[in-house]
$ cat work_9.pdb   # PDB, C-alpha atoms
MODEL        1
ATOM      1  CA  MET A1155     128.019  48.477 148.783
ATOM      2  CA  ALA A1156     127.807  44.779 148.692
ATOM      3  CA  ASP A1157     128.990  42.661 145.821
ATOM      4  CA  PRO A1158     126.521  41.923 143.037
ATOM      5  CA  MET A1159     124.294  38.870 143.053
ATOM      6  CA  ARG A1160     124.563  36.269 140.366
ATOM      7  CA  ILE A1161     121.133  35.519 138.960
ATOM      8  CA  ARG A1162     120.392  32.933 136.310
ATOM      9  CA  ALA A1163     116.855  32.541 135.000
ATOM     10  CA  GLN A1164     116.111  29.811 132.478
ATOM     11  CA  ALA A1165     112.778  29.279 130.773
ATOM     12  CA  ALA A1166     111.552  25.690 130.511
ATOM     13  CA  GLY A1167     108.046  24.509 129.685
ATOM     14  CA  GLY A1168     106.277  27.808 130.363
ATOM     15  CA  ASN A1169     108.021  28.354 133.679
ATOM     16  CA  ALA A1170     111.380  29.815 134.518
ATOM     17  CA  THR A1171     113.815  28.399 137.028
ATOM     18  CA  VAL A1172     115.586  31.195 138.841
ATOM     19  CA  ARG A1173     118.849  30.568 140.667
ATOM     20  CA  VAL A1174     120.324  33.324 142.784
ATOM     21  CA  LEU A1175     123.718  33.415 144.440
ATOM     22  CA  MET A1176     124.121  36.331 146.820
ATOM     23  CA  ALA A1177     127.397  37.550 148.244
ATOM     24  CA  HIS A1178     126.953  38.001 151.968
ATOM     25  CA  GLU A1179     128.896  37.100 155.094
ATOM     26  CA  MET A1180     125.810  35.779 157.000
ATOM     27  CA  GLU A1181     127.444  36.078 160.426
ATOM     28  CA  THR A1182     125.301  34.237 162.973
ATOM     29  CA  GLY A1183     126.066  36.158 166.142
ATOM     30  CA  GLN A1184     127.140  32.879 167.790
ATOM     31  CA  ARG A1185     130.813  32.833 166.880
ATOM     32  CA  LYS A1186     133.615  34.431 168.883
ATOM     33  CA  ASP A1187     136.682  36.194 167.550
ATOM     34  CA  ALA A1188     140.275  35.581 168.673
ATOM     35  CA  ALA A1189     139.805  37.877 171.672
ATOM     36  CA  GLY A1190     136.778  35.895 172.855
ATOM     37  CA  LYS A1191     134.282  38.592 171.955
ATOM     38  CA  ILE A1192     131.095  37.576 170.197
ATOM     39  CA  ILE A1193     131.014  38.678 166.563
ATOM     40  CA  PRO A1194     127.695  40.496 166.131
ATOM     41  CA  ALA A1195     125.099  38.967 163.857
ATOM     42  CA  TRP A1196     125.105  40.278 160.320
ATOM     43  CA  HIS A1197     122.776  38.495 157.967
ATOM     44  CA  ILE A1198     120.171  38.983 155.285
ATOM     45  CA  THR A1199     116.721  39.360 156.806
ATOM     46  CA  GLU A1200     114.484  39.988 153.810
ATOM     47  CA  VAL A1201     114.556  38.826 150.232
ATOM     48  CA  SER A1202     112.049  39.736 147.572
ATOM     49  CA  ALA A1203     111.767  38.786 143.922
ATOM     50  CA  THR A1204     109.754  40.371 141.141
ATOM     51  CA  HIS A1205     108.789  39.179 137.668
ATOM     52  CA  ASN A1206     108.389  42.092 135.230
ATOM     53  CA  GLY A1207     107.870  44.380 138.224
ATOM     54  CA  LYS A1208     105.252  42.179 139.911
ATOM     55  CA  ALA A1209     106.183  40.751 143.301
ATOM     56  CA  VAL A1210     106.242  36.959 143.151
ATOM     57  CA  LEU A1211     108.161  35.883 146.246
ATOM     58  CA  THR A1212     109.239  37.360 149.543
ATOM     59  CA  ALA A1213     111.252  35.598 152.201
ATOM     60  CA  GLU A1214     112.442  36.195 155.734
ATOM     61  CA  TRP A1215     115.779  34.683 156.610
ATOM     62  CA  GLY A1216     117.458  33.979 159.903
ATOM     63  CA  PRO A1217     121.180  33.779 160.572
ATOM     64  CA  ALA A1218     121.128  30.019 159.877
ATOM     65  CA  VAL A1219     121.072  30.545 156.121
ATOM     66  CA  ALA A1220     124.513  29.625 154.816
ATOM     67  CA  LYS A1221     127.194  32.146 153.878
ATOM     68  CA  ASN A1222     126.878  33.465 150.330
ATOM     69  CA  PRO A1223     123.273  32.275 150.171
ATOM     70  CA  PHE A1224     121.853  30.299 147.296
ATOM     71  CA  LEU A1225     118.178  30.418 146.430
ATOM     72  CA  GLN A1226     116.227  28.585 143.764
ATOM     73  CA  PHE A1227     112.578  29.008 142.821
ATOM     74  CA  ASN A1228     110.288  28.588 139.800
ATOM     75  CA  VAL A1229     108.295  31.460 138.342
ATOM     76  CA  LYS A1230     105.130  30.370 136.557
ATOM     77  CA  GLY A1231     104.418  31.842 133.144
ATOM     78  CA  ALA A1232     107.793  33.521 132.751
ATOM     79  CA  LYS A1233     109.218  33.388 129.236
ATOM     80  CA  ALA A1234     112.459  34.352 127.551
ATOM     81  CA  GLY A1235     113.062  38.091 127.661
ATOM     82  CA  ASP A1236     111.168  38.647 130.911
ATOM     83  CA  LYS A1237     112.899  40.517 133.692
ATOM     84  CA  ILE A1238     113.511  38.893 137.066
ATOM     85  CA  SER A1239     114.677  41.199 139.812
ATOM     86  CA  VAL A1240     115.861  40.155 143.261
ATOM     87  CA  ASN A1241     116.377  42.400 146.257
ATOM     88  CA  TRP A1242     117.821  41.692 149.690
ATOM     89  CA  LYS A1243     118.103  43.696 152.914
ATOM     90  CA  ASP A1244     120.346  42.823 155.834
ATOM     91  CA  ASN A1245     120.078  43.633 159.527
ATOM     92  CA  ARG A1246     122.526  46.520 159.185
ATOM     93  CA  GLY A1247     120.172  48.242 156.777
ATOM     94  CA  ASP A1248     122.273  47.508 153.724
ATOM     95  CA  SER A1249     120.447  46.353 150.627
ATOM     96  CA  ARG A1250     121.057  45.394 147.048
ATOM     97  CA  THR A1251     118.922  44.813 143.960
ATOM     98  CA  ASP A1252     119.980  42.978 140.833
ATOM     99  CA  GLU A1253     118.126  42.140 137.670
ATOM    100  CA  ALA A1254     118.422  39.357 135.141
ATOM    101  CA  THR A1255     116.704  38.498 131.887
ATOM    102  CA  VAL A1256     115.087  35.089 131.416
ATOM    103  CA  SER A1257     116.897  33.122 128.731
TER
ATOM    104  CA  MET B1437     105.661  47.518 194.379
ATOM    105  CA  GLN B1438     105.892  47.166 190.616
ATOM    106  CA  THR B1439     103.231  49.334 189.029
ATOM    107  CA  ARG B1440     102.143  49.034 185.432
ATOM    108  CA  ARG B1441     103.625  52.434 184.676
ATOM    109  CA  LYS B1442     106.984  51.405 186.090
ATOM    110  CA  THR B1443     106.964  48.182 184.094
ATOM    111  CA  LEU B1444     106.269  50.093 180.910
ATOM    112  CA  GLN B1445     109.057  52.530 181.701
ATOM    113  CA  HIS B1446     111.449  49.670 182.262
ATOM    114  CA  SER B1447     110.582  47.958 179.033
ATOM    115  CA  ALA B1448     111.030  51.242 177.187
ATOM    116  CA  ILE B1449     114.489  51.650 178.715
ATOM    117  CA  VAL B1450     115.479  48.090 177.875
ATOM    118  CA  ALA B1451     114.213  48.507 174.317
ATOM    119  CA  GLY B1452     116.256  51.692 174.064
ATOM    120  CA  MET B1453     119.381  49.930 175.242
ATOM    121  CA  LEU B1454     118.839  47.121 172.774
ATOM    122  CA  ALA B1455     118.385  49.644 169.993
ATOM    123  CA  ALA B1456     121.626  51.356 171.025
ATOM    124  CA  THR B1457     123.592  48.119 170.849
ATOM    125  CA  GLY B1458     122.145  47.333 167.476
ATOM    126  CA  LEU B1459     120.607  44.088 168.677
ATOM    127  CA  PHE B1460     117.181  45.324 167.771
ATOM    128  CA  PRO B1461     116.816  45.619 163.995
ATOM    129  CA  GLY B1462     114.214  48.347 164.201
ATOM    130  CA  HIS B1463     114.479  49.214 160.524
ATOM    131  CA  ALA B1464     113.510  45.705 159.445
ATOM    132  CA  LEU B1465     109.846  46.011 160.240
ATOM    133  CA  ALA B1466     108.701  42.985 158.294
ATOM    134  CA  PHE B1467     111.321  40.787 159.906
ATOM    135  CA  ASN B1468     109.733  38.594 162.550
ATOM    136  CA  ALA B1469     112.579  38.550 165.080
ATOM    137  CA  LYS B1470     110.546  36.576 167.585
ATOM    138  CA  ALA B1471     110.074  33.681 165.207
ATOM    139  CA  PHE B1472     113.779  33.603 164.385
ATOM    140  CA  ASP B1473     114.725  33.703 168.083
ATOM    141  CA  ALA B1474     112.488  30.746 168.909
ATOM    142  CA  LYS B1475     114.334  27.761 170.323
ATOM    143  CA  THR B1476     111.761  25.105 169.462
ATOM    144  CA  ILE B1477     109.680  24.397 166.388
ATOM    145  CA  GLY B1478     106.469  24.918 168.348
ATOM    146  CA  ASP B1479     107.567  28.380 169.496
ATOM    147  CA  ALA B1480     108.647  29.390 166.000
ATOM    148  CA  LEU B1481     105.295  28.394 164.525
ATOM    149  CA  LYS B1482     103.455  30.154 167.326
ATOM    150  CA  ALA B1483     105.400  33.362 166.673
ATOM    151  CA  LEU B1484     104.345  33.147 163.026
ATOM    152  CA  GLY B1485     100.742  32.631 164.041
ATOM    153  CA  ALA B1486     100.560  29.131 162.607
ATOM    154  CA  ALA B1487      98.513  26.220 163.898
ATOM    155  CA  ALA B1488     100.004  22.996 165.236
ATOM    156  CA  PRO B1489     101.256  21.101 162.184
ATOM    157  CA  THR B1490     100.223  17.653 161.057
ATOM    158  CA  GLU B1491     102.527  15.368 159.100
ATOM    159  CA  SER B1492     101.654  15.116 155.426
ATOM    160  CA  LYS B1493     102.920  13.079 152.505
ATOM    161  CA  ASP B1494     102.199  16.015 150.204
ATOM    162  CA  VAL B1495     104.986  18.061 151.743
ATOM    163  CA  THR B1496     108.581  17.170 150.875
ATOM    164  CA  ILE B1497     111.848  18.105 152.495
ATOM    165  CA  ILE B1498     114.860  17.737 150.251
ATOM    166  CA  GLY B1499     118.232  17.311 151.856
ATOM    167  CA  PRO B1500     121.226  15.016 151.985
ATOM    168  CA  ASP B1501     121.303  11.969 154.280
ATOM    169  CA  ILE B1502     124.798  12.920 155.331
ATOM    170  CA  ALA B1503     126.173  16.450 155.115
ATOM    171  CA  GLU B1504     129.944  16.607 155.231
ATOM    172  CA  ASN B1505     130.063  20.306 155.962
ATOM    173  CA  GLY B1506     127.505  21.681 158.393
ATOM    174  CA  ALA B1507     128.180  25.231 157.189
ATOM    175  CA  VAL B1508     126.572  24.567 153.807
ATOM    176  CA  VAL B1509     123.709  22.077 153.776
ATOM    177  CA  PRO B1510     121.471  22.218 150.703
ATOM    178  CA  LEU B1511     117.862  22.020 151.853
ATOM    179  CA  GLY B1512     114.665  22.341 149.889
ATOM    180  CA  ALA B1513     110.981  22.457 150.713
ATOM    181  CA  SER B1514     108.182  21.670 148.323
ATOM    182  CA  THR B1515     104.547  20.647 148.353
ATOM    183  CA  SER B1516     102.028  19.439 145.815
ATOM    184  CA  LEU B1517      99.145  21.049 147.706
ATOM    185  CA  ALA B1518      97.435  24.103 146.247
ATOM    186  CA  GLY B1519      96.933  27.319 148.178
ATOM    187  CA  VAL B1520     100.203  27.519 150.071
ATOM    188  CA  LYS B1521     100.858  30.798 151.835
ATOM    189  CA  GLN B1522     104.227  30.122 153.424
ATOM    190  CA  LEU B1523     106.955  27.516 153.247
ATOM    191  CA  LEU B1524     109.306  27.245 156.199
ATOM    192  CA  ILE B1525     112.594  25.441 156.625
ATOM    193  CA  LEU B1526     113.534  24.528 160.185
ATOM    194  CA  VAL B1527     116.462  22.694 161.753
ATOM    195  CA  GLU B1528     115.467  21.231 165.094
ATOM    196  CA  LYS B1529     118.791  21.321 166.936
ATOM    197  CA  ASN B1530     120.104  24.681 165.752
ATOM    198  CA  PRO B1531     120.359  27.463 168.363
ATOM    199  CA  SER B1532     117.330  29.004 166.655
ATOM    200  CA  THR B1533     115.245  26.486 164.799
ATOM    201  CA  LEU B1534     113.769  28.653 162.050
ATOM    202  CA  VAL B1535     116.120  28.981 159.079
ATOM    203  CA  ALA B1536     113.970  30.686 156.495
ATOM    204  CA  ALA B1537     110.359  31.555 155.761
ATOM    205  CA  PHE B1538     109.209  32.006 152.187
ATOM    206  CA  ASN B1539     105.986  33.870 151.428
ATOM    207  CA  LEU B1540     104.645  32.485 148.176
ATOM    208  CA  THR B1541     102.316  33.977 145.609
ATOM    209  CA  ASP B1542     100.318  32.252 142.857
ATOM    210  CA  SER B1543     103.119  33.028 140.419
ATOM    211  CA  VAL B1544     105.679  30.813 142.135
ATOM    212  CA  ASP B1545     105.794  27.042 142.438
ATOM    213  CA  ALA B1546     105.736  25.728 146.000
ATOM    214  CA  ASN B1547     109.249  24.410 145.524
ATOM    215  CA  ILE B1548     112.133  26.366 147.028
ATOM    216  CA  SER B1549     115.759  25.419 147.552
ATOM    217  CA  ALA B1550     118.360  27.178 149.651
ATOM    218  CA  ARG B1551     121.389  26.382 151.764
ATOM    219  CA  ALA B1552     121.412  26.297 155.533
ATOM    220  CA  LYS B1553     123.897  26.017 158.360
ATOM    221  CA  MET B1554     123.542  23.124 160.785
ATOM    222  CA  GLY B1555     125.307  22.976 164.137
ATOM    223  CA  GLN B1556     124.945  19.202 164.541
ATOM    224  CA  SER B1557     123.081  16.185 163.218
ATOM    225  CA  SER B1558     119.392  16.909 163.522
ATOM    226  CA  ASP B1559     115.961  16.459 162.060
ATOM    227  CA  VAL B1560     115.127  19.092 159.468
ATOM    228  CA  TYR B1561     111.545  20.121 158.831
ATOM    229  CA  ALA B1562     109.671  21.583 155.910
ATOM    230  CA  VAL B1563     106.449  23.266 157.010
ATOM    231  CA  ALA B1564     103.724  24.450 154.654
ATOM    232  CA  ILE B1565     101.225  26.969 155.974
ATOM    233  CA  MET B1566      98.093  27.043 153.823
ATOM    234  CA  ASN B1567      95.881  30.014 153.020
ATOM    235  CA  ASP B1568      93.101  28.492 155.139
ATOM    236  CA  GLY B1569      95.380  28.214 158.163
ATOM    237  CA  ARG B1570      96.107  24.490 158.011
ATOM    238  CA  THR B1571      99.724  23.568 158.632
ATOM    239  CA  PHE B1572     101.531  20.496 157.342
ATOM    240  CA  PHE B1573     105.071  19.301 157.830
ATOM    241  CA  ALA B1574     107.584  16.740 156.619
ATOM    242  CA  LYS B1575     110.813  15.841 158.340
ATOM    243  CA  LYS B1576     114.074  14.165 157.503
ATOM    244  CA  GLU B1577     117.191  13.361 159.477
ATOM    245  CA  VAL B1578     120.427  14.901 158.246
ATOM    246  CA  LYS B1579     123.693  13.680 159.741
ATOM    247  CA  VAL B1580     126.452  16.249 159.915
ATOM    248  CA  THR B1581     130.087  15.123 159.903
ATOM    249  CA  LEU B1582     131.956  18.318 160.705
ATOM    250  CA  GLY B1583     135.587  18.350 159.694
ATOM    251  CA  GLY B1584     135.242  14.991 157.970
ATOM    252  CA  CYS B1585     135.772  12.951 161.162
ATOM    253  CA  GLY B1586     133.227  10.406 160.016
ATOM    254  CA  GLY B1587     130.277   9.202 162.009
TER
ENDMDL
END
$ encode --input "work_9.pdb" --output "structure tokens"
Amino acid sequence: MADPMRIRAQAAGGNATVRVLMAHEMETGQRKDAAGKIIPAWHITEVSATHNGKAVLTAEWGPAVAKNPFLQFNVKGAKAGDKISVNWKDNRGDSRTDEATVS
Amino acid sequence: MQTRRKTLQHSAIVAGMLAATGLFPGHALAFNAKAFDAKTIGDALKALGAAAPTESKDVTIIGPDIAENGAVVPLGASTSLAGVKQLLILVEKNPSTLVAAFNLTDSVDANISARAKMGQSSDVYAVAIMNDGRTFFAKKEVKVTLGGCGG
């Protein structure tokens, strides 16, 4: 199981700014190890976010997203106490969901 | 003579081999592998079914002028236009140009930030695909000084 995400959601002026820091290696499939063999790609392919259970954002990511990816987006109409949940899946079939409360 | 049946058989075998090596993420059905394999911006947009983009002042790409570390380049895409379906971030000179595609809903502002890897100095693009199929882009040059050698 992958490490937990760090999610911070702050309400401001009727919207909430959500910042997510995911823990993931994001191996591109371009690098070689010491023995000269290509390290296979291992990266997050799908990200989805929900606001109180309603899907608000989905994303498809390639291997060019940086290691331990950061993502920031604004959710309209979210207020303090609302739940923001973020889910990712990687190309090995691993996935993780974490939830945060808007403050 | 290469018959249609033979061709189909071959492609099935090749697909099977790819699946066996794990190069074919068959479980990620929504993942558009073709778009992320595309080597040019035109190919990536084509794989996503988008029209040829026109440059627009209403689309903004946020990024540094000079990135000291190409492994972590903060990039953002935003637009003031209404009715955006997808926001894309692309780096022209990366091995695969498409970095990320964000599918927006009405509940999210068309303003997304993330971090990308860049192999070398290159133009970066923000592309907005509208609900009515129009496609707009903005670009910006980001210089990468890997290892702090200076440029």
$ interface_residues --input "work_9.pdb" --of "chain B" --to "chain A" --cutoff "7 Å" --atoms "only C-alpha atoms" --output "list in words"
Pro1461, His1463, Ala1464, Phe1467, Phe1472, Ala1507, Val1508, Leu1534, Val1535, Ala1536, Ala1537, Phe1538, Asn1539, Leu1540, Thr1541, Ser1543, Val1544, Asp1545, Asn1547, Ile1548, Ser1549, Ala1550, Arg1551, Ala1552 and Lys1553 of chain B
$ residues_around --input "work_9.pdb" --residues "Asn1241 (chain A)" --least-positions-apart "5" --cutoff "8 Å" --atoms "only C-alpha atoms" --output "PyMOL selection string"
chain A and resi 1201-1203+1249-1252
$ resolve_selection --input "work_9.pdb" --expression "the PyMOL selection byres ((chain A and resi 1163) around 6)" --output "PyMOL selection string"
chain A and resi 1162+1164+1171-1172+1256
$ closest_residue --input "work_9.pdb" --among "A:Arg1160, A:Lys1191, A:His1178, A:Lys1233" --to "Asn1206 (chain A)" --atoms "all atoms listed in the file"
A:Lys1233
$ closest_residue --input "work_9.pdb" --among "A:Ala1165, A:Ala1254, A:Ile1193, A:Met1180" --to "Ala1234 (chain A)" --atoms "only C-alpha atoms"
A:Ala1165
$ atom_distance --input "work_9.pdb" --atom1 "CA of Asp1236 (chain A)" --atom2 "CA of Ser1257 (chain A)"
8.3 Å
$ atom_distance --input "work_9.pdb" --atom1 "CA of Tyr1561 (chain B)" --atom2 "CA of Pro1531 (chain B)"
14.9 Å
$ resolve_selection --input "work_9.pdb" --expression "the PyMOL selection byres ((chain B and resi 1484-1493) around 6)" --output "mmCIF file with C-alpha atoms, in the coordinates of the input"
data_model
loop_
_atom_site.group_PDB
_atom_site.id
_atom_site.type_symbol
_atom_site.label_atom_id
_atom_site.label_comp_id
_atom_site.auth_asym_id
_atom_site.auth_seq_id
_atom_site.Cartn_x
_atom_site.Cartn_y
_atom_site.Cartn_z
ATOM 1 C CA LEU B 1481 105.295 28.394 164.525
ATOM 2 C CA LYS B 1482 103.455 30.154 167.326
ATOM 3 C CA ALA B 1483 105.400 33.362 166.673
ATOM 4 C CA ASP B 1494 102.199 16.015 150.204
ATOM 5 C CA VAL B 1495 104.986 18.061 151.743
ATOM 6 C CA THR B 1571 99.724 23.568 158.632
ATOM 7 C CA PHE B 1572 101.531 20.496 157.342
ATOM 8 C CA PHE B 1573 105.071 19.301 157.830
ATOM 9 C CA ALA B 1574 107.584 16.740 156.619
#
$ atom_distance --input "work_9.pdb" --atom1 "CA of Arg1185 (chain A)" --atom2 "CA of Lys1475 (chain B)"
17.6 Å
$ axis_aligned_box --input "work_9.pdb" --around "region 1484-1496 of chain B" --padding-each-side "6 Å" --output "lines of an AutoDock Vina configuration file"
center_x = 103.5
center_y = 23.1
center_z = 157.7
size_x = 22.1
size_y = 32.1
size_z = 27.0
